[in-house]
file query_0.cif (mmCIF, C-alpha atoms)
data_coords
loop_
_atom_site.label_atom_id
_atom_site.label_comp_id
_atom_site.auth_asym_id
_atom_site.auth_seq_id
_atom_site.Cartn_x
_atom_site.Cartn_y
_atom_site.Cartn_z
CA MET C 11 45.06 82.82 9.71
CA SER C 12 41.88 82.82 7.63
CA ILE C 13 38.92 80.73 8.76
CA SER C 14 36.54 79.71 5.97
CA ILE C 15 32.76 79.75 6.26
CA GLU C 16 32.74 75.95 5.88
CA THR C 17 35.25 75.57 8.71
CA LYS C 18 33.21 77.80 11.01
CA GLN C 19 30.07 75.82 10.18
CA GLN C 20 31.81 72.53 10.97
CA ALA C 21 32.97 73.98 14.28
CA GLN C 22 29.50 75.31 15.06
CA ASP C 23 27.96 71.92 14.25
CA LEU C 24 30.33 70.40 16.80
CA LEU C 25 29.40 72.98 19.44
CA ASP C 26 25.69 72.35 18.84
CA PHE C 27 26.27 68.59 19.12
CA ILE C 28 27.97 69.03 22.48
CA ASP C 29 25.32 71.47 23.73
CA ASN C 30 22.69 68.81 22.99
CA SER C 31 24.71 66.13 24.79
CA PRO C 32 25.29 67.07 28.45
CA SER C 33 25.74 63.43 29.53
CA PRO C 34 26.87 60.17 27.87
CA TRP C 35 23.22 59.09 27.62
CA HIS C 36 22.31 62.31 25.86
CA ALA C 37 25.31 61.95 23.56
CA VAL C 38 24.15 58.51 22.44
CA SER C 39 20.57 59.74 22.09
CA THR C 40 21.76 62.63 19.92
CA ILE C 41 23.84 60.24 17.80
CA VAL C 42 20.86 57.89 17.39
CA ASP C 43 18.68 60.76 16.16
CA ILE C 44 21.32 61.70 13.58
CA LEU C 45 21.79 58.10 12.45
CA LYS C 46 18.05 57.55 12.03
CA LYS C 47 17.75 60.67 9.90
CA ASN C 48 20.51 59.25 7.68
CA GLY C 49 18.92 55.86 7.08
CA PHE C 50 20.63 53.75 9.76
CA LYS C 51 18.52 50.94 11.19
CA PRO C 52 18.60 49.84 14.85
CA LEU C 53 19.71 46.40 16.00
CA LEU C 54 18.90 45.08 19.47
CA GLU C 55 21.32 42.84 21.33
CA ASP C 56 18.55 40.61 22.69
CA GLN C 57 17.09 39.95 19.24
CA HIS C 58 18.19 38.09 16.12
CA TRP C 59 20.20 40.23 13.74
CA ASP C 60 19.07 39.99 10.15
CA PHE C 61 20.59 42.34 7.63
CA GLY C 62 21.41 42.19 3.95
CA LYS C 63 24.74 42.23 2.18
CA ARG C 64 24.57 46.01 2.21
CA GLY C 65 23.10 48.43 4.68
CA LYS C 66 23.63 50.83 7.58
CA TYR C 67 23.00 49.80 11.18
CA TYR C 68 23.62 50.74 14.80
CA VAL C 69 23.38 49.06 18.19
CA VAL C 70 23.25 50.69 21.64
CA ARG C 71 24.41 49.10 24.87
CA ASP C 72 22.99 50.39 28.17
CA GLY C 73 22.23 53.80 26.72
CA ALA C 74 25.75 55.25 26.89
CA SER C 75 27.73 53.25 24.28
CA ILE C 76 26.94 52.87 20.60
CA ILE C 77 28.42 51.14 17.57
CA ALA C 78 27.30 52.15 14.07
CA PHE C 79 28.45 50.42 10.89
CA VAL C 80 28.06 50.44 7.13
CA ILE C 81 28.48 47.10 5.34
CA GLY C 82 31.20 47.42 2.71
CA LYS C 83 31.23 46.22 -0.89
CA GLU C 84 34.20 43.92 -0.35
CA SER C 85 34.21 40.68 1.60
CA ILE C 86 35.03 41.35 5.24
CA ILE C 87 37.77 38.73 4.88
CA GLU C 88 39.71 40.66 2.27
CA GLY C 89 38.47 44.16 3.03
CA GLY C 90 38.51 43.89 6.79
CA PHE C 91 37.08 46.68 8.92
CA LYS C 92 37.85 50.39 8.99
CA ILE C 93 37.09 51.44 12.56
CA VAL C 94 37.18 54.71 14.49
CA GLY C 95 36.92 54.37 18.27
CA ALA C 96 36.17 57.19 20.70
CA HIS C 97 34.38 57.69 24.02
CA THR C 98 31.17 59.38 25.13
CA ASP C 99 32.06 60.15 28.75
CA SER C 100 33.93 63.11 30.18
CA PRO C 101 35.40 63.76 33.65
CA GLY C 102 33.21 65.62 36.09
CA LEU C 103 30.89 65.30 39.06
CA ARG C 104 28.19 62.64 39.48
CA LEU C 105 25.33 62.76 41.99
CA LYS C 106 25.40 60.15 44.73
CA PRO C 107 22.43 57.76 45.15
CA LYS C 108 21.21 59.69 48.20
CA ALA C 109 22.40 63.07 46.99
CA ALA C 110 20.20 65.64 48.71
CA TYR C 111 20.63 66.69 52.32
CA SER C 112 20.40 69.75 54.54
CA THR C 113 23.28 71.66 56.14
CA GLU C 114 22.49 74.63 58.38
CA GLY C 115 19.27 75.21 56.44
CA PHE C 116 20.86 74.88 53.00
CA ALA C 117 19.78 72.13 50.59
CA GLN C 118 22.92 70.55 49.15
CA LEU C 119 23.70 67.77 46.69
CA GLY C 120 26.50 65.32 47.43
CA VAL C 121 28.63 64.40 44.44
CA GLU C 122 31.33 61.91 43.60
CA VAL C 123 34.30 62.76 41.39
CA TYR C 124 34.14 60.90 38.06
CA GLY C 125 37.52 60.48 36.40
CA GLY C 126 40.09 63.26 36.67
CA PRO C 127 38.43 66.67 36.25
CA ILE C 128 40.11 69.97 37.09
CA LEU C 129 37.91 70.51 40.13
CA ALA C 130 38.59 74.22 40.54
CA THR C 131 36.97 74.91 37.16
CA PHE C 132 33.59 73.77 38.51
CA THR C 133 33.41 76.71 40.93
CA ASP C 134 31.34 79.80 40.18
CA ARG C 135 29.71 78.26 37.08
CA ASP C 136 26.04 78.07 36.13
CA LEU C 137 25.58 74.34 36.71
CA SER C 138 22.71 71.96 36.24
CA ILE C 139 21.95 68.24 36.14
CA ALA C 140 21.50 65.74 33.30
CA GLY C 141 21.56 61.98 32.88
CA ARG C 142 19.11 59.12 33.17
CA VAL C 143 16.43 58.21 35.67
CA VAL C 144 14.84 54.78 36.15
CA VAL C 145 11.17 54.94 37.12
CA GLN C 146 8.45 52.50 38.12
CA ASN C 147 5.53 52.41 35.68
CA GLY C 148 3.09 49.85 36.97
CA SER C 149 4.90 46.53 36.94
CA THR C 150 7.62 47.65 34.53
CA LEU C 151 10.80 49.71 34.78
CA GLU C 152 11.37 52.57 32.36
CA THR C 153 14.54 54.54 31.73
CA HIS C 154 14.25 58.22 30.81
CA ILE C 155 16.98 60.68 29.98
CA VAL C 156 16.54 63.97 31.76
CA ARG C 157 18.09 67.40 31.45
CA LEU C 158 17.33 70.32 33.71
CA LYS C 159 18.03 73.25 31.38
CA GLU C 160 18.04 76.00 33.97
CA SER C 161 20.98 76.51 36.29
CA ILE C 162 19.85 74.92 39.56
CA VAL C 163 23.09 74.21 41.45
CA ARG C 164 26.31 76.08 42.11
CA LEU C 165 29.68 75.63 43.81
CA PRO C 166 30.55 79.13 45.08
CA ASN C 167 34.18 79.91 45.73
CA LEU C 168 35.40 80.98 49.13
CA ALA C 169 36.24 84.69 49.19
CA ILE C 170 39.93 85.56 48.97
CA HIS C 171 39.62 87.22 52.38
CA MET C 172 39.16 83.71 53.84
CA ASN C 173 41.63 81.95 51.55
CA ARG C 174 44.50 84.42 51.30
CA GLU C 175 46.93 82.08 49.55
CA VAL C 176 44.59 80.93 46.76
CA ASN C 177 46.51 82.87 44.10
CA GLU C 178 49.87 81.58 45.27
CA LYS C 179 49.02 77.96 46.09
CA GLY C 180 45.96 77.41 43.90
CA LEU C 181 42.44 76.37 44.81
CA VAL C 182 42.37 73.03 46.60
CA LEU C 183 38.98 71.38 47.11
CA ASN C 184 38.53 68.43 49.43
CA LYS C 185 36.60 65.85 47.42
CA GLN C 186 34.29 64.99 50.30
CA THR C 187 33.71 68.32 52.01
CA GLY C 188 34.53 70.92 49.34
CA LEU C 189 32.33 69.75 46.45
CA PRO C 190 28.70 69.46 47.71
CA LEU C 191 26.61 71.79 45.56
CA ILE C 192 24.19 74.40 46.87
CA PHE C 193 20.69 73.60 45.65
CA GLY C 194 18.38 75.77 47.75
CA PHE C 195 17.01 75.95 51.28
CA ALA C 196 15.70 73.00 53.28
CA ALA C 197 14.89 72.57 56.95
CA ASP C 198 16.08 68.96 56.90
CA SER C 199 17.40 66.27 54.57
CA ALA C 200 13.94 64.87 53.89
CA GLU C 201 12.84 68.23 52.53
CA ALA C 202 16.00 68.52 50.44
CA HIS C 203 15.40 65.06 48.96
CA ALA C 204 11.78 65.95 48.22
CA GLN C 205 12.89 69.11 46.40
CA LEU C 206 15.29 67.16 44.20
CA THR C 207 12.90 64.36 43.32
CA GLN C 208 10.07 66.82 42.68
CA THR C 209 12.28 68.82 40.33
CA LEU C 210 13.17 65.68 38.37
CA ALA C 211 9.55 64.48 38.41
CA ASN C 212 8.30 67.81 37.06
CA GLU C 213 10.74 67.55 34.16
CA LEU C 214 9.61 64.00 33.35
CA ASN C 215 5.90 64.59 34.08
CA ILE C 216 5.76 61.75 36.61
CA LYS C 217 5.24 61.40 40.36
CA PRO C 218 8.30 61.76 42.63
CA ASP C 219 7.58 58.38 44.21
CA ASP C 220 7.94 56.75 40.77
CA ILE C 221 11.66 57.56 40.74
CA LEU C 222 13.74 54.56 41.78
CA THR C 223 17.36 55.27 40.79
CA TRP C 224 19.46 57.58 38.67
CA ASP C 225 22.78 58.19 36.94
CA LEU C 226 23.06 61.97 36.99
CA THR C 227 25.97 64.18 36.05
CA VAL C 228 26.64 67.87 36.68
CA TYR C 229 27.00 69.97 33.55
CA ASP C 230 27.71 73.59 32.64
CA THR C 231 24.71 75.37 31.11
CA GLN C 232 26.88 77.84 29.17
CA LYS C 233 26.77 77.01 25.48
CA GLY C 234 29.83 76.49 23.34
CA SER C 235 31.33 79.40 21.44
CA LEU C 236 33.77 80.42 18.76
CA TRP C 237 36.36 82.86 20.04
CA GLY C 238 39.57 84.66 19.07
CA ALA C 239 40.47 87.64 16.89
CA LYS C 240 39.21 85.78 13.81
CA GLN C 241 37.00 83.26 15.59
CA GLU C 242 39.73 80.69 15.08
CA PHE C 243 39.20 78.89 18.39
CA ILE C 244 36.32 77.03 20.02
CA ALA C 245 35.35 76.60 23.68
CA ASN C 246 32.93 74.18 25.30
CA SER C 247 32.65 71.43 27.85
CA GLN C 248 33.31 67.82 26.82
CA LEU C 249 35.52 68.55 23.80
CA ASP C 250 37.34 65.58 25.29
CA ASN C 251 35.99 63.49 23.74
CA LEU C 252 32.73 64.41 22.04
CA ALA C 253 34.75 66.28 19.42
CA SER C 254 36.23 62.96 18.27
CA CYS C 255 32.80 61.30 18.31
CA HIS C 256 31.33 64.07 16.18
CA ALA C 257 34.21 64.03 13.69
CA ALA C 258 33.98 60.25 13.28
CA LEU C 259 30.19 60.31 12.96
CA THR C 260 30.33 63.11 10.38
CA ALA C 261 32.92 61.17 8.38
CA LEU C 262 30.85 57.97 8.49
CA LEU C 263 27.71 59.78 7.30
CA ALA C 264 29.67 61.18 4.36
CA THR C 265 30.90 57.71 3.33
CA GLU C 266 28.91 56.22 0.46
CA ASN C 267 29.43 52.65 -0.73
CA PRO C 268 32.67 51.99 1.19
CA ALA C 269 34.84 49.09 0.08
CA SER C 270 35.49 47.92 3.64
CA THR C 271 32.88 47.65 6.37
CA SER C 272 33.13 50.98 8.18
CA ILE C 273 32.49 51.29 11.91
CA CYS C 274 32.17 54.04 14.52
CA ALA C 275 32.48 52.65 18.06
CA PHE C 276 31.82 55.06 20.93
CA PHE C 277 32.28 53.74 24.46
CA ASP C 278 31.38 54.87 27.96
CA HIS C 279 33.72 54.79 30.99
CA GLU C 280 37.01 55.60 29.24
CA GLU C 281 37.73 58.26 31.85
CA VAL C 282 37.61 55.67 34.64
CA GLY C 283 39.54 52.87 32.96
CA SER C 284 37.03 51.31 30.52
CA GLU C 285 36.45 48.28 32.79
CA SER C 286 32.70 47.83 32.37
CA ALA C 287 30.12 46.19 30.13
CA THR C 288 29.86 49.43 28.17
CA GLY C 289 33.57 50.29 28.26
CA ALA C 290 36.18 49.46 25.67
CA SER C 291 37.54 46.73 27.94
CA GLY C 292 34.16 45.03 27.87
CA SER C 293 32.83 42.70 25.21
CA PHE C 294 30.81 45.22 23.17
CA MET C 295 33.23 45.61 20.26
CA ARG C 296 34.00 41.90 20.08
CA ASP C 297 30.33 40.98 20.30
CA VAL C 298 29.34 43.24 17.40
CA LEU C 299 32.21 42.03 15.21
CA GLN C 300 31.34 38.42 16.03
CA ARG C 301 27.74 38.91 14.97
CA ILE C 302 28.85 40.51 11.71
CA PHE C 303 31.18 37.54 11.17
CA ASN C 304 28.35 35.13 11.94
CA HIS C 305 26.11 36.82 9.41
CA ALA C 306 28.84 36.45 6.79
CA ASN C 307 29.18 32.70 7.57
CA THR C 308 32.90 32.98 8.25
CA ASN C 309 35.08 30.41 9.95
CA GLU C 310 37.83 31.11 12.49
CA GLU C 311 40.59 31.47 9.90
CA ASP C 312 38.41 33.89 7.93
CA ARG C 313 37.95 35.98 11.05
CA LEU C 314 41.65 36.12 11.80
CA ARG C 315 42.38 37.16 8.23
CA SER C 316 39.74 39.87 8.45
CA ILE C 317 41.23 41.30 11.65
CA ALA C 318 44.69 41.33 10.07
CA ASN C 319 43.27 43.27 7.11
CA SER C 320 41.61 45.86 9.35
CA PHE C 321 42.72 49.21 10.72
CA LEU C 322 41.50 50.95 13.87
CA ILE C 323 41.93 54.64 14.60
CA SER C 324 41.57 55.50 18.28
CA ALA C 325 40.51 59.15 18.24
CA ASP C 326 40.93 61.05 21.49
CA MET C 327 41.97 64.63 22.09
CA ALA C 328 45.63 65.63 22.46
CA HIS C 329 47.52 68.21 24.52
CA ALA C 330 48.12 71.49 22.69
CA TYR C 331 51.19 73.59 23.41
CA HIS C 332 50.41 76.40 25.88
CA PRO C 333 52.73 79.42 25.45
CA ASN C 334 52.44 80.35 29.14
CA HIS C 335 53.70 76.95 30.30
CA PRO C 336 56.52 75.79 28.00
CA SER C 337 58.14 73.63 30.70
CA ALA C 338 55.11 71.31 30.71
CA TYR C 339 55.93 69.95 27.26
CA GLU C 340 58.49 67.75 25.56
CA PRO C 341 60.57 70.44 23.80
CA HIS C 342 60.61 68.77 20.39
CA HIS C 343 56.99 67.61 20.23
CA HIS C 344 54.84 70.71 20.47
CA ALA C 345 51.34 70.14 19.08
CA THR C 346 49.79 73.43 17.98
CA VAL C 347 46.09 74.21 17.60
CA ASN C 348 44.84 74.62 14.03
CA GLN C 349 47.82 72.70 12.65
CA GLY C 350 46.08 69.36 12.12
CA PRO C 351 45.57 66.01 13.86
CA VAL C 352 48.19 64.76 16.29
CA ILE C 353 49.71 61.27 16.16
CA LYS C 354 50.25 60.25 19.79
CA THR C 355 53.12 57.91 20.67
CA ASN C 356 54.25 56.41 23.97
CA ALA C 357 56.95 53.74 24.31
CA ASN C 358 55.18 52.24 27.33
CA GLN C 359 52.01 51.59 25.34
CA ARG C 360 49.85 54.23 26.93
CA TYR C 361 49.02 54.88 23.29
CA SER C 362 48.70 52.11 20.71
CA THR C 363 50.71 53.84 17.97
CA ASN C 364 53.72 52.12 16.41
CA ALA C 365 55.85 53.02 13.40
CA ASP C 366 53.66 51.07 10.98
CA THR C 367 50.31 52.42 12.15
CA ALA C 368 51.66 55.98 12.39
CA ALA C 369 52.87 55.71 8.80
CA ARG C 370 49.46 54.49 7.69
CA PHE C 371 47.79 57.47 9.31
CA ILE C 372 50.34 59.84 7.76
CA GLN C 373 49.48 58.36 4.39
CA LEU C 374 45.79 59.02 5.01
CA CYS C 375 46.58 62.63 5.95
CA LYS C 376 48.57 63.14 2.76
CA GLN C 377 45.79 61.64 0.65
CA ALA C 378 43.25 63.92 2.34
CA LYS C 379 45.61 66.93 2.07
CA VAL C 380 45.48 67.39 5.82
CA PRO C 381 48.45 68.55 7.95
CA TYR C 382 49.54 66.31 10.79
CA GLN C 383 51.67 66.55 13.93
CA ALA C 384 53.52 64.21 16.29
CA TYR C 385 53.19 64.22 20.07
CA SER C 386 55.18 62.59 22.85
CA HIS C 387 54.67 63.36 26.54
CA ARG C 388 57.49 64.64 28.74
CA THR C 389 59.40 61.60 29.96
CA ASP C 390 59.29 62.81 33.57
CA LEU C 391 55.50 63.23 33.59
CA GLY C 392 52.89 60.50 33.79
CA CYS C 393 51.11 59.97 30.49
CA GLY C 394 47.37 59.49 30.12
CA SER C 395 45.93 56.68 28.04
CA THR C 396 43.03 55.96 25.68
CA ILE C 397 40.86 53.10 24.46
CA GLY C 398 43.51 52.42 21.80
CA PRO C 399 45.76 50.00 23.70
CA THR C 400 42.74 48.23 25.16
CA LEU C 401 41.08 47.57 21.81
CA ALA C 402 44.38 46.73 20.10
CA ALA C 403 45.09 44.08 22.74
CA GLN C 404 41.57 42.67 22.69
CA LEU C 405 41.19 42.49 18.93
CA GLY C 406 44.77 42.00 17.76
CA MET C 407 44.10 44.74 15.23
CA PRO C 408 46.57 47.34 13.89
CA THR C 409 45.75 50.54 15.80
CA VAL C 410 46.91 54.13 15.93
CA ASP C 411 46.16 56.79 18.54
CA VAL C 412 45.42 60.27 17.22
CA GLY C 413 43.54 63.36 18.35
CA ASN C 414 43.11 67.07 17.84
CA PRO C 415 45.17 69.40 20.05
CA MET C 416 43.34 71.22 22.82
CA TRP C 417 43.93 73.37 25.89
CA ALA C 418 42.62 72.81 29.43
CA MET C 419 41.87 69.11 28.99
CA HIS C 420 39.48 67.95 31.74
CA SER C 421 38.41 71.49 32.59
CA ILE C 422 34.68 72.14 32.61
CA ARG C 423 35.44 74.65 29.82
CA GLU C 424 37.96 73.34 27.28
CA SER C 425 39.39 75.07 24.20
CA ALA C 426 40.65 73.94 20.79
CA GLY C 427 41.26 75.14 17.24
CA ALA C 428 38.27 75.65 14.94
CA MET C 429 40.18 74.43 11.89
CA ASP C 430 41.30 71.16 13.42
CA HIS C 431 37.80 69.72 13.56
CA GLY C 432 37.47 69.95 9.78
CA TYR C 433 40.91 68.43 9.35
CA MET C 434 39.95 65.45 11.49
CA ILE C 435 36.69 64.94 9.59
CA ASP C 436 38.58 64.92 6.29
CA VAL C 437 41.19 62.38 7.33
CA LEU C 438 38.57 60.08 8.86
CA LYS C 439 36.57 60.29 5.62
CA GLN C 440 39.72 59.17 3.83
CA HIS C 441 40.07 56.31 6.30
CA PHE C 442 36.55 55.02 5.64
CA GLN C 443 36.80 55.50 1.88
CA SER C 444 40.25 54.03 1.34
#

call {"tool": "encode", "arguments": {"input": "query_0.cif", "output": "structure tokens"}}
result
Amino acid sequence: MSISIETKQQAQDLLDFIDNSPSPWHAVSTIVDILKKNGFKPLLEDQHWDFGKRGKYYVVRDGASIIAFVIGKESIIEGGFKIVGAHTDSPGLRLKPKAAYSTEGFAQLGVEVYGGPILATFTDRDLSIAGRVVVQNGSTLETHIVRLKESIVRLPNLAIHMNREVNEKGLVLNKQTGLPLIFGFAADSAEAHAQLTQTLANELNIKPDDILTWDLTVYDTQKGSLWGAKQEFIANSQLDNLASCHAALTALLATENPASTSICAFFDHEEVGSESATGASGSFMRDVLQRIFNHANTNEEDRLRSIANSFLISADMAHAYHPNHPSAYEPHHHATVNQGPVIKTNANQRYSTNADTAARFIQLCKQAKVPYQAYSHRTDLGCGSTIGPTLAAQLGMPTVDVGNPMWAMHSIRESAGAMDHGYMIDVLKQHFQS
């Protein structure tokens, strides 16, 4: 299998994007920087939106969700919207509000499990902290994103001599007692708290007492890499689902003068059910579409026609076939890395795909000369879900669920095929340009 220079560069661009985005707030900040460099203008939800018949815009909600769009040449009634939806969050560990405390002279940080991570993969890694901090500046509140670049916390494994059955029964970590991270030494909890706030304050160049609250996540400081005999694979944290965000964003930036209004919508909180103001179950997508409709002076029938003429691709990663574990897969639906995007189908609507929307995506793949695959979960295993069914139900819009195949989904170190990222970019370009 030959990997082209262009394919490797696309994969490396993805790895760099993830390395710059250790939290949902960093992911959105990174996306905003890219959009600004490409001529997109910001819109604020608390201000009047005024934009011309053509143009490129973005709006951020609460720092962790973003919607970017390019106004198309056609009327939104006839041309509808071409949308790609993905999510900015990934499963992992989040610091509690009163995180720092002392245990037998050790400074530790209490964490809460966010979503469904593979907890064992967080052990023995070079971990650090990133997210957002709200500070008091005089009479105003300011939000800062923060990233501690050095490894400052760790979750050491228990030696096999004290856990003799770990290789037979697997590593089991109690979520309350087995996950607190070692941070340093502290005589008491007050000292531990002071160490944490001072560390954050030093990074932000503020006083520790200015820190009021935070949303902080634990991240792996190891950078992403290409690997394999021919560098045909990639490894990093947060491939689920920053890989889909990056592919969609890259495709949107490459779309010039689209016929239909083209939209990238990236939401927070997918990993915990999307039920929030910034999640796909919230009003963000509907609110942005409504304001675009209002600007176009459409009536209710116009809006319904526009939705019917639209197409939404829910892009989230898919399960790749693992040769060591064949019994985990539906025998006739193996999705293989580096063989193209996967169309995900579930009869119980865990995915939004139906025969019509799958066929439409297949057509896009053929037009883009991109291979494609079909995936169905084992019937006797519970199937995960995506933002696809949520948005399809909310908007009444034709929707398909797709994603690139990957290994170790929800591990702190996930793997995928280097070629698949380029394939996904190409088909999403075709989606926006068609």

call {"tool": "closest_atom_pairs", "arguments": {"input": "query_0.cif", "of": "range 215-247 of chain C", "to": "range 11-19 of chain C", "cutoff": "9 Å", "atoms": "all atoms listed in the file", "output": "CSV"}}
result
residue,atom,partner,partner_atom,distance
C:Leu236,CA,C:Lys18,CA,8.2
C:Lys240,CA,C:Ile13,CA,7.1
C:Gln241,CA,C:Ile13,CA,7.5
C:Glu242,CA,C:Ile13,CA,6.4

call {"tool": "resolve_selection", "arguments": {"input": "query_0.cif", "expression": "the PyMOL selection byres ((chain C and resi 104) around 7)", "output": "ChimeraX atom specification"}}
result
/C:102-103,105-106,121-124,226-228

call {"tool": "closest_residue", "arguments": {"input": "query_0.cif", "among": "C:Ala275, C:Ala306, C:Leu129, C:Val352", "to": "Gly82 in chain C", "atoms": "all atoms listed in the file"}}
result
C:Ala306

call {"tool": "atom_distance", "arguments": {"input": "query_0.cif", "atom1": "CA of Leu137 in chain C", "atom2": "CA of Ile162 in chain C"}}
result
6.4 Å

call {"tool": "closest_residue", "arguments": {"input": "query_0.cif", "among": "C:Gly90, C:Gly180, C:Gly141, C:Pro101", "to": "Pro408 in chain C", "atoms": "only C-alpha atoms"}}
result
C:Gly90

call {"tool": "build_atoms", "arguments": {"input": "query_0.cif", "residues": "range 106-119 of chain C", "atoms": "N, CA and C atoms", "output": "JSON list (two decimals), keeping the file's coordinate frame"}}
result
[["chain", "number", "residue", "atom", "x", "y", "z"],
["C", 106, "LYS", "N", 25.44, 61.39, 43.97],
["C", 106, "LYS", "CA", 25.40, 60.15, 44.73],
["C", 106, "LYS", "C", 23.97, 59.61, 44.79],
["C", 107, "PRO", "N", 23.79, 58.33, 45.12],
["C", 107, "PRO", "CA", 22.43, 57.76, 45.15],
["C", 107, "PRO", "C", 21.49, 58.49, 46.10],
["C", 108, "LYS", "N", 21.99, 58.87, 47.27],
["C", 108, "LYS", "CA", 21.21, 59.69, 48.20],
["C", 108, "LYS", "C", 21.89, 61.06, 48.23],
["C", 109, "ALA", "N", 21.61, 61.86, 47.21],
["C", 109, "ALA", "CA", 22.40, 63.07, 46.99],
["C", 109, "ALA", "C", 21.99, 64.23, 47.87],
["C", 110, "ALA", "N", 20.70, 64.41, 48.08],
["C", 110, "ALA", "CA", 20.20, 65.64, 48.71],
["C", 110, "ALA", "C", 20.20, 65.54, 50.23],
["C", 111, "TYR", "N", 20.66, 66.62, 50.86],
["C", 111, "TYR", "CA", 20.63, 66.69, 52.32],
["C", 111, "TYR", "C", 20.64, 68.16, 52.74],
["C", 112, "SER", "N", 20.45, 68.39, 54.02],
["C", 112, "SER", "CA", 20.40, 69.75, 54.54],
["C", 112, "SER", "C", 21.59, 70.03, 55.45],
["C", 113, "THR", "N", 22.19, 71.21, 55.28],
["C", 113, "THR", "CA", 23.28, 71.66, 56.14],
["C", 113, "THR", "C", 23.00, 73.10, 56.56],
["C", 114, "GLU", "N", 22.75, 73.28, 57.85],
["C", 114, "GLU", "CA", 22.49, 74.63, 58.38],
["C", 114, "GLU", "C", 21.40, 75.35, 57.57],
["C", 115, "GLY", "N", 20.38, 74.61, 57.17],
["C", 115, "GLY", "CA", 19.27, 75.21, 56.44],
["C", 115, "GLY", "C", 19.44, 75.26, 54.94],
["C", 116, "PHE", "N", 20.63, 74.90, 54.44],
["C", 116, "PHE", "CA", 20.86, 74.88, 53.00],
["C", 116, "PHE", "C", 20.62, 73.48, 52.43],
["C", 117, "ALA", "N", 19.91, 73.39, 51.32],
["C", 117, "ALA", "CA", 19.78, 72.13, 50.59],
["C", 117, "ALA", "C", 21.03, 71.96, 49.73],
["C", 118, "GLN", "N", 21.70, 70.82, 49.90],
["C", 118, "GLN", "CA", 22.92, 70.55, 49.15],
["C", 118, "GLN", "C", 22.83, 69.19, 48.47],
["C", 119, "LEU", "N", 23.63, 69.03, 47.43],
["C", 119, "LEU", "CA", 23.70, 67.77, 46.69],
["C", 119, "LEU", "C", 25.10, 67.20, 46.80]]
